[in-house]
>>> print(open('coords_16.cif').read())   # mmCIF, C-alpha atoms
data_run
#
loop_
_atom_site.label_atom_id
_atom_site.label_comp_id
_atom_site.auth_asym_id
_atom_site.auth_seq_id
_atom_site.Cartn_x
_atom_site.Cartn_y
_atom_site.Cartn_z
CA MET G 1 120.11 138.34 117.23
CA LYS G 2 123.18 140.39 116.32
CA ASP G 3 123.54 141.94 112.88
CA ILE G 4 123.90 139.39 110.12
CA ARG G 5 126.90 139.96 107.86
CA LYS G 6 127.02 136.49 106.33
CA ALA G 7 124.15 134.01 106.00
CA LEU G 8 124.31 130.58 104.44
CA THR G 9 121.87 127.75 103.87
CA PHE G 10 122.52 124.16 102.82
CA ARG G 11 119.91 122.70 100.43
CA ALA G 12 119.20 119.61 98.40
CA SER G 13 119.95 120.25 94.72
CA SER G 14 116.33 120.52 93.59
CA ILE G 15 114.23 123.45 92.39
CA GLY G 16 111.66 123.22 95.18
CA ASP G 17 114.22 122.97 97.99
CA CYS G 18 116.35 125.81 96.63
CA LEU G 19 113.30 128.03 96.20
CA MET G 20 112.65 127.53 99.91
CA GLY G 21 116.26 128.47 100.61
CA LYS G 22 115.78 131.58 98.49
CA TYR G 23 112.67 132.44 100.52
CA LEU G 24 114.64 132.22 103.78
CA LEU G 25 117.50 134.34 102.45
CA GLU G 26 115.12 136.86 100.89
CA ASN G 27 113.65 137.67 104.28
CA ILE G 28 117.12 138.00 105.75
CA HIS G 29 118.23 140.20 102.85
CA ALA G 30 115.25 142.49 103.41
CA ALA G 31 116.43 143.12 106.98
CA TYR G 32 120.18 143.07 106.25
CA PRO G 33 120.65 144.19 102.62
CA ASP G 34 124.44 144.28 102.95
CA ALA G 35 124.73 140.71 104.21
CA ARG G 36 126.54 138.19 102.05
CA CYS G 37 124.08 135.36 101.31
CA GLY G 38 124.71 131.93 99.84
CA ILE G 39 123.05 128.61 99.04
CA VAL G 40 125.20 125.48 99.18
CA VAL G 41 124.22 122.55 96.95
CA ALA G 42 125.98 119.27 96.18
CA ASN G 43 125.42 119.48 92.42
CA ARG G 44 123.36 121.19 89.66
CA ARG G 45 124.92 124.58 90.34
CA GLY G 46 124.25 125.74 86.79
CA MET G 47 120.55 124.93 87.04
CA ILE G 48 120.16 126.66 90.41
CA ARG G 49 122.07 129.73 89.24
CA ASP G 50 119.74 129.95 86.24
CA LEU G 51 116.75 129.58 88.54
CA LEU G 52 117.97 132.46 90.72
CA ALA G 53 119.35 134.68 87.95
CA ALA G 54 117.15 137.59 89.10
CA TYR G 55 118.78 137.44 92.54
CA PRO G 56 122.43 138.40 91.96
CA TRP G 57 122.97 138.88 95.69
CA ILE G 58 122.50 135.12 96.28
CA GLU G 59 125.69 133.15 95.73
CA VAL G 60 125.14 129.56 94.59
CA ILE G 61 127.99 127.33 95.75
CA GLU G 62 128.42 123.75 94.57
CA ALA G 63 130.54 121.96 97.15
CA ASN G 64 131.21 118.26 97.55
CA ARG G 65 134.06 115.92 98.43
CA ARG G 66 135.00 115.53 94.77
CA SER G 67 135.95 119.22 94.56
CA PRO G 68 138.45 120.23 97.26
CA ARG G 69 138.92 123.62 95.56
CA ALA G 70 135.21 124.44 95.93
CA LEU G 71 135.30 123.41 99.59
CA LEU G 72 138.31 125.65 100.19
CA SER G 73 136.56 128.57 98.49
CA LEU G 74 133.45 127.99 100.62
CA TRP G 75 135.62 128.03 103.74
CA ARG G 76 137.39 131.24 102.75
CA ASN G 77 134.20 133.10 101.85
CA PHE G 78 131.75 131.94 104.53
CA ARG G 79 133.68 130.87 107.63
CA GLY G 80 132.41 132.68 110.69
CA SER G 81 128.94 133.06 109.20
CA ASP G 82 126.52 134.70 111.59
CA LEU G 83 123.76 132.32 110.49
CA VAL G 84 123.90 128.90 108.83
CA VAL G 85 120.68 126.95 108.28
CA THR G 86 120.47 123.35 107.12
CA GLN G 87 117.21 122.14 105.67
CA TYR G 88 114.78 119.58 107.04
CA ALA G 89 115.02 115.92 105.99
CA GLY G 90 113.29 115.20 102.71
CA LYS G 91 111.53 112.06 103.90
CA HIS G 92 109.84 111.01 107.14
CA GLY G 93 112.34 109.12 109.30
CA GLY G 94 115.29 110.34 107.24
CA SER G 95 118.02 112.83 108.00
CA PHE G 96 119.91 115.59 106.27
CA GLY G 97 123.41 114.53 105.18
CA LEU G 98 125.87 114.23 108.05
CA ALA G 99 128.80 115.53 105.98
CA SER G 100 126.81 118.68 105.19
CA LYS G 101 126.00 119.10 108.87
CA PHE G 102 129.70 118.93 109.78
CA ALA G 103 130.54 121.48 107.08
CA ALA G 104 127.79 123.77 108.34
CA ARG G 105 129.09 123.50 111.89
CA LEU G 106 132.60 124.48 110.79
CA LEU G 107 131.33 127.51 108.89
CA ALA G 108 128.95 128.89 111.52
CA ARG G 109 130.09 131.09 114.33
CA ARG G 110 129.28 129.95 117.85
CA GLY G 111 125.52 129.97 118.34
CA GLY G 112 124.88 130.45 114.62
CA LEU G 113 123.91 126.98 113.37
CA VAL G 114 120.19 126.25 113.07
CA GLY G 115 118.62 123.02 111.82
CA PHE G 116 115.72 120.65 112.17
CA SER G 117 115.13 117.50 114.16
CA ASP G 118 115.68 114.27 112.25
CA ALA G 119 116.87 110.70 112.78
CA SER G 120 120.45 111.78 113.69
CA THR G 121 119.51 112.65 117.27
CA LYS G 122 122.94 112.04 118.80
CA TRP G 123 124.89 114.13 116.28
CA ASN G 124 122.31 116.89 116.21
CA LYS G 125 122.75 117.56 119.93
CA LEU G 126 126.49 117.95 119.43
CA LEU G 127 126.41 120.06 116.29
CA TYR G 128 123.52 122.49 116.42
CA SER G 129 122.99 125.69 118.35
CA ARG G 130 119.25 125.47 117.82
CA LEU G 131 117.01 122.64 116.59
CA LEU G 132 113.44 123.11 115.41
CA PRO G 133 110.80 120.39 115.10
CA VAL G 134 109.48 119.16 111.75
CA ARG G 135 105.81 118.36 111.26
CA SER G 136 104.33 116.87 108.10
CA ASP G 137 101.02 118.66 108.69
CA LYS G 138 102.68 122.06 108.31
CA ALA G 139 103.39 123.81 105.04
CA VAL G 140 107.04 123.49 104.05
CA ALA G 141 107.48 127.28 103.93
CA GLU G 142 106.37 127.45 107.55
CA HIS G 143 109.65 125.80 108.56
CA GLU G 144 111.54 128.72 107.03
CA ARG G 145 109.29 131.16 108.86
CA GLU G 146 109.91 129.33 112.13
CA VAL G 147 113.66 129.79 111.69
CA LEU G 148 113.18 133.52 111.26
CA ARG G 149 110.82 133.79 114.22
CA ALA G 150 113.12 131.72 116.43
CA LEU G 151 115.92 134.18 115.69
CA GLY G 152 113.73 137.18 116.40
CA LEU G 153 113.78 138.30 112.77
CA SER G 154 110.88 139.96 110.98
CA LEU G 155 108.95 138.40 108.13
CA PRO G 156 108.57 141.09 105.46
CA LEU G 157 107.73 138.44 102.84
CA PRO G 158 104.93 136.30 104.29
CA PHE G 159 104.76 133.95 101.29
CA PRO G 160 107.35 132.80 98.73
CA MET G 161 107.33 134.78 95.50
CA LEU G 162 109.68 134.67 92.53
CA SER G 163 111.11 137.08 89.97
CA CYS G 164 112.67 136.28 86.62
CA LYS G 165 114.70 138.19 84.06
CA ARG G 166 112.11 139.15 81.49
CA SER G 167 112.90 138.75 77.80
CA ASP G 168 110.60 139.65 74.91
CA ALA G 169 112.55 137.28 72.67
CA VAL G 170 111.29 134.13 74.37
CA LEU G 171 107.79 134.14 72.86
CA ALA G 172 109.22 134.69 69.39
CA LYS G 173 111.71 131.85 69.85
CA PHE G 174 108.92 129.36 70.49
CA GLY G 175 106.36 130.94 68.15
CA LEU G 176 103.84 131.61 70.94
CA GLU G 177 101.40 134.43 71.63
CA ALA G 178 101.04 135.85 75.12
CA GLY G 179 97.93 134.61 76.92
CA ARG G 180 97.05 132.19 74.13
CA TYR G 181 98.64 128.99 75.42
CA VAL G 182 98.68 126.66 78.43
CA LEU G 183 101.84 124.94 79.60
CA VAL G 184 101.42 121.24 80.43
CA HIS G 185 104.14 119.56 82.50
CA VAL G 186 103.70 115.83 83.17
CA PHE G 187 107.26 114.84 84.13
CA ALA G 188 108.46 114.68 87.73
CA GLY G 189 111.93 113.20 87.34
CA ASN G 190 110.97 109.70 88.46
CA LYS G 191 108.06 107.34 87.87
CA GLY G 192 107.16 107.28 91.55
CA ARG G 193 105.77 110.83 91.34
CA SER G 194 104.64 110.92 87.72
CA LEU G 195 101.67 110.30 85.50
CA SER G 196 101.90 107.26 83.27
CA PRO G 197 102.18 107.93 79.51
CA GLU G 198 98.57 106.73 79.14
CA LYS G 199 97.26 109.12 81.81
CA SER G 200 99.38 111.91 80.32
CA CYS G 201 97.68 111.34 76.97
CA GLU G 202 94.31 111.40 78.74
CA LEU G 203 95.17 114.71 80.32
CA VAL G 204 96.31 116.36 77.09
CA SER G 205 93.27 115.04 75.22
CA ALA G 206 90.88 116.29 77.94
CA LEU G 207 92.55 119.71 78.00
CA HIS G 208 92.27 120.01 74.22
CA ALA G 209 88.57 119.16 74.38
CA LYS G 210 87.91 121.76 77.08
CA LEU G 211 90.27 124.48 75.84
CA PRO G 212 90.18 124.25 72.03
CA HIS G 213 90.96 127.97 71.66
CA LEU G 214 94.26 127.71 73.56
CA ARG G 215 97.48 126.11 72.39
CA LEU G 216 98.81 123.28 74.55
CA VAL G 217 102.58 123.35 75.08
CA LEU G 218 104.27 120.26 76.53
CA THR G 219 107.34 121.06 78.61
CA GLY G 220 110.05 118.93 80.22
CA GLY G 221 113.75 118.20 80.18
CA ALA G 222 115.84 116.86 77.34
CA GLY G 223 115.33 113.32 78.63
CA ASP G 224 111.56 113.78 78.46
CA ARG G 225 111.40 114.91 74.84
CA GLU G 226 110.83 111.52 73.22
CA THR G 227 107.97 110.71 75.61
CA ALA G 228 106.50 114.19 75.15
CA LEU G 229 106.51 113.74 71.37
CA ALA G 230 104.73 110.41 71.77
CA ILE G 231 102.11 112.00 74.03
CA ALA G 232 101.55 114.81 71.53
CA HIS G 233 101.27 112.43 68.58
CA SER G 234 97.96 113.00 66.73
CA LEU G 235 97.07 115.78 69.20
CA PRO G 236 97.36 119.53 68.49
CA ALA G 237 100.08 120.09 71.08
CA THR G 238 103.46 121.77 70.75
CA VAL G 239 106.48 120.08 72.34
CA ILE G 240 109.29 122.24 73.74
CA ALA G 241 110.68 119.66 76.17
CA GLY G 242 114.46 120.01 76.28
CA ASP G 243 114.46 123.28 74.33
CA ALA G 244 113.96 125.89 77.07
CA SER G 245 116.28 127.03 79.84
CA LEU G 246 114.81 127.67 83.28
CA GLN G 247 114.76 131.42 82.72
CA GLU G 248 113.01 130.87 79.37
CA MET G 249 110.52 128.59 81.08
CA MET G 250 109.87 131.24 83.69
CA ASN G 251 109.22 133.80 80.96
CA LEU G 252 106.84 131.38 79.25
CA ILE G 253 105.00 130.78 82.53
CA VAL G 254 104.58 134.53 83.09
CA THR G 255 103.06 135.09 79.64
CA SER G 256 100.93 131.92 79.59
CA ALA G 257 97.22 131.65 80.33
CA GLY G 258 98.15 129.16 83.05
CA VAL G 259 99.95 125.92 83.86
CA VAL G 260 98.82 122.34 84.44
CA SER G 261 101.59 120.36 86.11
CA VAL G 262 102.47 117.41 88.27
CA ASP G 263 104.01 118.25 91.64
CA THR G 264 107.54 119.23 90.65
CA GLY G 265 109.81 122.24 90.29
CA ILE G 266 107.82 123.79 87.43
CA ALA G 267 104.70 123.77 89.61
CA HIS G 268 106.51 125.58 92.43
CA ILE G 269 107.98 128.12 90.03
CA THR G 270 104.47 128.78 88.70
CA ALA G 271 103.06 129.15 92.21
CA GLN G 272 105.77 131.64 93.19
CA LEU G 273 105.26 133.59 89.97
CA ARG G 274 101.57 133.82 90.97
CA LYS G 275 100.25 132.40 87.72
CA PRO G 276 97.11 130.23 87.55
CA LEU G 277 98.08 126.65 88.36
CA VAL G 278 96.40 123.27 88.43
CA VAL G 279 98.72 120.80 90.15
CA LEU G 280 98.47 117.01 90.42
CA ARG G 281 100.29 115.49 93.39
CA THR G 282 100.81 112.18 95.16
CA CYS G 283 99.73 111.67 98.77
CA LEU G 284 103.32 112.43 99.84
CA GLY G 285 103.25 116.01 98.60
CA GLU G 286 100.41 117.45 100.67
CA ASN G 287 102.49 119.77 102.87
CA TRP G 288 103.95 121.49 99.79
CA TRP G 289 100.45 122.59 98.79
CA LEU G 290 98.70 123.48 102.03
CA PRO G 291 97.11 126.97 101.96
CA GLU G 292 99.83 128.29 104.30
CA GLN G 293 102.48 127.55 101.67
CA TYR G 294 101.50 130.22 99.16
CA GLY G 295 98.53 131.91 100.82
CA ASN G 296 94.80 131.57 100.38
CA GLU G 297 94.78 134.10 97.54
CA ALA G 298 97.20 132.13 95.36
CA PRO G 299 95.47 130.93 92.14
CA ILE G 300 96.20 127.24 92.78
CA THR G 301 93.98 124.16 92.52
CA VAL G 302 95.33 120.84 93.80
CA PHE G 303 94.22 117.37 92.71
CA SER G 304 95.15 114.10 94.41
CA ARG G 305 93.64 110.74 95.31
CA ASP G 306 94.96 110.44 98.86
CA ASN G 307 92.27 107.86 99.65
CA GLU G 308 94.12 105.40 97.40
CA CYS G 309 96.84 105.30 100.07
CA ALA G 310 94.64 105.38 103.17
CA HIS G 311 97.05 103.09 105.10
CA GLY G 312 100.26 104.66 103.86
CA HIS G 313 101.74 105.51 100.49
CA LEU G 314 101.78 102.61 98.05
CA ALA G 315 105.16 103.17 96.44
CA LYS G 316 105.33 102.00 92.84
CA ASP G 317 105.76 103.35 89.34
CA TYR G 318 102.92 105.73 88.53
CA PRO G 319 101.19 105.40 91.94
CA SER G 320 97.40 105.39 92.21
CA CYS G 321 97.29 108.50 94.40
CA ILE G 322 98.18 110.57 91.34
CA ASN G 323 97.22 108.29 88.45
CA GLY G 324 93.77 107.74 89.92
CA ILE G 325 92.88 111.39 89.35
CA ASP G 326 90.08 111.94 86.83
CA MET G 327 91.68 113.91 84.00
CA ASN G 328 88.32 115.25 82.85
CA ASP G 329 87.94 116.84 86.30
CA VAL G 330 91.38 118.43 85.90
CA ALA G 331 90.51 119.77 82.46
CA SER G 332 87.17 121.12 83.69
CA ARG G 333 88.91 123.00 86.49
CA ALA G 334 91.49 124.32 84.03
CA THR G 335 88.73 126.01 82.05
CA VAL G 336 87.94 128.07 85.16
CA VAL G 337 91.50 128.69 86.34
CA VAL G 338 93.18 129.77 83.09
CA GLN G 339 90.44 132.11 81.83
#
>>> encode(input="coords_16.cif", output="structure tokens")
Amino acid sequence: MKDIRKALTFRASSIGDCLMGKYLLENIHAAYPDARCGIVVANRRGMIRDLLAAYPWIEVIEANRRSPRALLSLWRNFRGSDLVVTQYAGKHGGSFGLASKFAARLLARRGGLVGFSDASTKWNKLLYSRLLPVRSDKAVAEHEREVLRALGLSLPLPFPMLSCKRSDAVLAKFGLEAGRYVLVHVFAGNKGRSLSPEKSCELVSALHAKLPHLRLVLTGGAGDRETALAIAHSLPATVIAGDASLQEMMNLIVTSAGVVSVDTGIAHITAQLRKPLVVLRTCLGENWWLPEQYGNEAPITVFSRDNECAHGHLAKDYPSCINGIDMNDVASRATVVVQ
């Protein structure tokens, strides 16, 4: 492939998806440090910019049909990009947004648009220069590696890793002592991927019984605070849900003894920061936690009850494939992982 002067990737506006976009661009940046690199999201620009604050060379662009000015700016800055990559569909049988595909096609130079096979077979043939297959039995990060290999690019960063802007003030703000607390994150943004309040209480109680010498810190967003306070009621747990920015959370993860989390953005941040992690997932999240995602040496333990959905995922609030996990088993493993 010719030298890359501008590289762009379109991503869903979530922490996990944008971290994968960062991983792709990071490998490109290592080979072409002068290239202009950007991530396009439909919303949550502030959150993604905070997430990637340690990567000033990555431009985060929020572009959608409600903001013609942002679309015009995107066109001016990234038209003729040498490489544009759209991400894989989030769900089996789905497809990445057609409007985003058209925008990507307009921005990429001839031969420069790469994407993944999905349900939009007809449009994909017309739009893309190169299409790569998607397989659910492969680690998600492997799709990014396949893009790089398909373009003949090297892979200086074999696994996703993350940096944050360190601040000594964060521990003091939350009254915590480095290495003397465990972060507990039980919120996944929707009930279909989360622990029920009852199971969350079980988890916190079991962790307290197994780790009495460590402080338990319940994290989450502002909308999770009331539930977090209810979970922590009558238990020696500190609630910071809604009080920490992403960069503050990253600092807290780095100085923690470890993290226990459901399968969500905080878990992926922890994994990329290489901190001890115990993660609880549904049967739908397996390919995010295969060994090839973060490497065999990553300090990660995964719990799930995939057998509860032996004939396909049973979609409902608080599904059995995550809520059927024995919280005492999780707590027992945490005693090994975080010490």
>>> axis_aligned_box(input="coords_16.cif", around="range 12-29 of chain G", padding_each_side="5 Å", output="lines of an AutoDock Vina configuration file")
center_x = 115.8
center_y = 129.9
center_z = 99.1
size_x = 18.3
size_y = 30.6
size_z = 23.4
>>> residues_around(input="coords_16.cif", residues="range 119-125 of chain G", least_positions_apart="6", cutoff="10 Å", atoms="only C-alpha atoms", output="PDB file with C-alpha atoms, in the coordinates of the input")
ATOM      1  CA  ALA G  89     115.020 115.920 105.990  1.00  0.00           C
ATOM      2  CA  HIS G  92     109.840 111.010 107.140  1.00  0.00           C
ATOM      3  CA  GLY G  93     112.340 109.120 109.300  1.00  0.00           C
ATOM      4  CA  GLY G  94     115.290 110.340 107.240  1.00  0.00           C
ATOM      5  CA  SER G  95     118.020 112.830 108.000  1.00  0.00           C
ATOM      6  CA  PHE G  96     119.910 115.590 106.270  1.00  0.00           C
ATOM      7  CA  GLY G  97     123.410 114.530 105.180  1.00  0.00           C
ATOM      8  CA  LEU G  98     125.870 114.230 108.050  1.00  0.00           C
ATOM      9  CA  LYS G 101     126.000 119.100 108.870  1.00  0.00           C
ATOM     10  CA  PHE G 102     129.700 118.930 109.780  1.00  0.00           C
ATOM     11  CA  LEU G 131     117.010 122.640 116.590  1.00  0.00           C
TER      12      LEU G 131
END
>>> closest_atom_pairs(input="coords_16.cif", of="range 149-173 of chain G", to="range 40-51 of chain G", cutoff="12 Å", atoms="only C-alpha atoms", output="JSON lines")
{"residue": "G:Leu162", "atom": "CA", "partner": "G:Leu51", "partner_atom": "CA", "distance": 9.6}
{"residue": "G:Ser163", "atom": "CA", "partner": "G:Leu51", "partner_atom": "CA", "distance": 9.5}
{"residue": "G:Cys164", "atom": "CA", "partner": "G:Leu51", "partner_atom": "CA", "distance": 8.1}
{"residue": "G:Lys165", "atom": "CA", "partner": "G:Asp50", "partner_atom": "CA", "distance": 9.9}
>>> resolve_selection(input="coords_16.cif", expression="the PyMOL selection byres ((chain G and resi 73) around 12)", output="JSON, numbers by chain")
{"G": [40, 61, 62, 63, 64, 67, 68, 69, 70, 71, 72, 74, 75, 76, 77, 78, 79, 107]}
>>> write_last_selection(input="coords_16.cif", atoms="C-alpha atoms", output="mmCIF file, in the frame of the given file")
data_model
loop_
_atom_site.group_PDB
_atom_site.id
_atom_site.type_symbol
_atom_site.label_atom_id
_atom_site.label_comp_id
_atom_site.auth_asym_id
_atom_site.auth_seq_id
_atom_site.Cartn_x
_atom_site.Cartn_y
_atom_site.Cartn_z
ATOM 1 C CA VAL G 40 125.200 125.480 99.180
ATOM 2 C CA ILE G 61 127.990 127.330 95.750
ATOM 3 C CA GLU G 62 128.420 123.750 94.570
ATOM 4 C CA ALA G 63 130.540 121.960 97.150
ATOM 5 C CA ASN G 64 131.210 118.260 97.550
ATOM 6 C CA SER G 67 135.950 119.220 94.560
ATOM 7 C CA PRO G 68 138.450 120.230 97.260
ATOM 8 C CA ARG G 69 138.920 123.620 95.560
ATOM 9 C CA ALA G 70 135.210 124.440 95.930
ATOM 10 C CA LEU G 71 135.300 123.410 99.590
ATOM 11 C CA LEU G 72 138.310 125.650 100.190
ATOM 12 C CA LEU G 74 133.450 127.990 100.620
ATOM 13 C CA TRP G 75 135.620 128.030 103.740
ATOM 14 C CA ARG G 76 137.390 131.240 102.750
ATOM 15 C CA ASN G 77 134.200 133.100 101.850
ATOM 16 C CA PHE G 78 131.750 131.940 104.530
ATOM 17 C CA ARG G 79 133.680 130.870 107.630
ATOM 18 C CA LEU G 107 131.330 127.510 108.890
#
>>> residues_around(input="coords_16.cif", residues="Arg274 in chain G", least_positions_apart="5", cutoff="10 Å", atoms="only C-alpha atoms", output="VMD selection string")
chain G and resid 160 to 162 253 to 254 258 268 to 269 294 297 to 300
>>> closest_residue(input="coords_16.cif", among="G:Leu216, G:Ile15, G:Val259, G:Ala141", to="Leu157 in chain G", atoms="all atoms listed in the file")
G:Ala141
>>> decode(input="coords_16.cif", residues="range 286-297 of chain G", atoms="N, CA, C and O atoms", output="CSV table (one decimal), in the first residue's frame")
chain,number,residue,atom,x,y,z
G,286,GLU,N,-18.8,-13.6,24.0
G,286,GLU,CA,-17.7,-14.5,24.0
G,286,GLU,C,-16.5,-13.9,23.2
G,286,GLU,O,-15.3,-14.0,23.6
G,287,ASN,N,-16.7,-13.5,22.0
G,287,ASN,CA,-15.6,-13.1,21.1
G,287,ASN,C,-14.9,-11.9,21.6
G,287,ASN,O,-13.8,-11.6,21.1
G,288,TRP,N,-15.5,-11.1,22.5
G,288,TRP,CA,-14.7,-10.0,23.1
G,288,TRP,C,-13.7,-10.4,24.1
G,288,TRP,O,-12.9,-9.6,24.6
G,289,TRP,N,-13.8,-11.7,24.6
G,289,TRP,CA,-13.0,-12.2,25.7
G,289,TRP,C,-12.2,-13.4,25.3
G,289,TRP,O,-11.7,-14.1,26.2
G,290,LEU,N,-12.1,-13.8,24.1
G,290,LEU,CA,-11.3,-14.9,23.7
G,290,LEU,C,-9.8,-14.6,24.0
G,290,LEU,O,-9.4,-13.4,24.0
G,291,PRO,N,-9.0,-15.6,24.2
G,291,PRO,CA,-7.5,-15.3,24.5
G,291,PRO,C,-6.8,-14.4,23.5
G,291,PRO,O,-5.9,-13.6,23.8
G,292,GLU,N,-7.3,-14.5,22.2
G,292,GLU,CA,-6.6,-13.7,21.2
G,292,GLU,C,-6.9,-12.2,21.2
G,292,GLU,O,-6.3,-11.4,20.6
G,293,GLN,N,-7.9,-11.9,22.0
G,293,GLN,CA,-8.3,-10.5,22.2
G,293,GLN,C,-7.2,-9.7,22.9
G,293,GLN,O,-6.8,-8.6,22.4
G,294,TYR,N,-6.8,-10.1,24.0
G,294,TYR,CA,-5.8,-9.4,24.8
G,294,TYR,C,-4.5,-10.2,25.1
G,294,TYR,O,-3.6,-9.7,25.7
G,295,GLY,N,-4.5,-11.4,24.6
G,295,GLY,CA,-3.3,-12.2,24.8
G,295,GLY,C,-3.4,-13.1,26.0
G,295,GLY,O,-4.1,-12.8,27.0
G,296,ASN,N,-2.7,-14.3,26.0
G,296,ASN,CA,-2.8,-15.2,27.0
G,296,ASN,C,-2.2,-14.7,28.3
G,296,ASN,O,-2.6,-15.3,29.4
G,297,GLU,N,-1.4,-13.8,28.3
G,297,GLU,CA,-0.7,-13.3,29.5
G,297,GLU,C,-1.6,-12.2,30.2
G,297,GLU,O,-1.2,-11.8,31.3
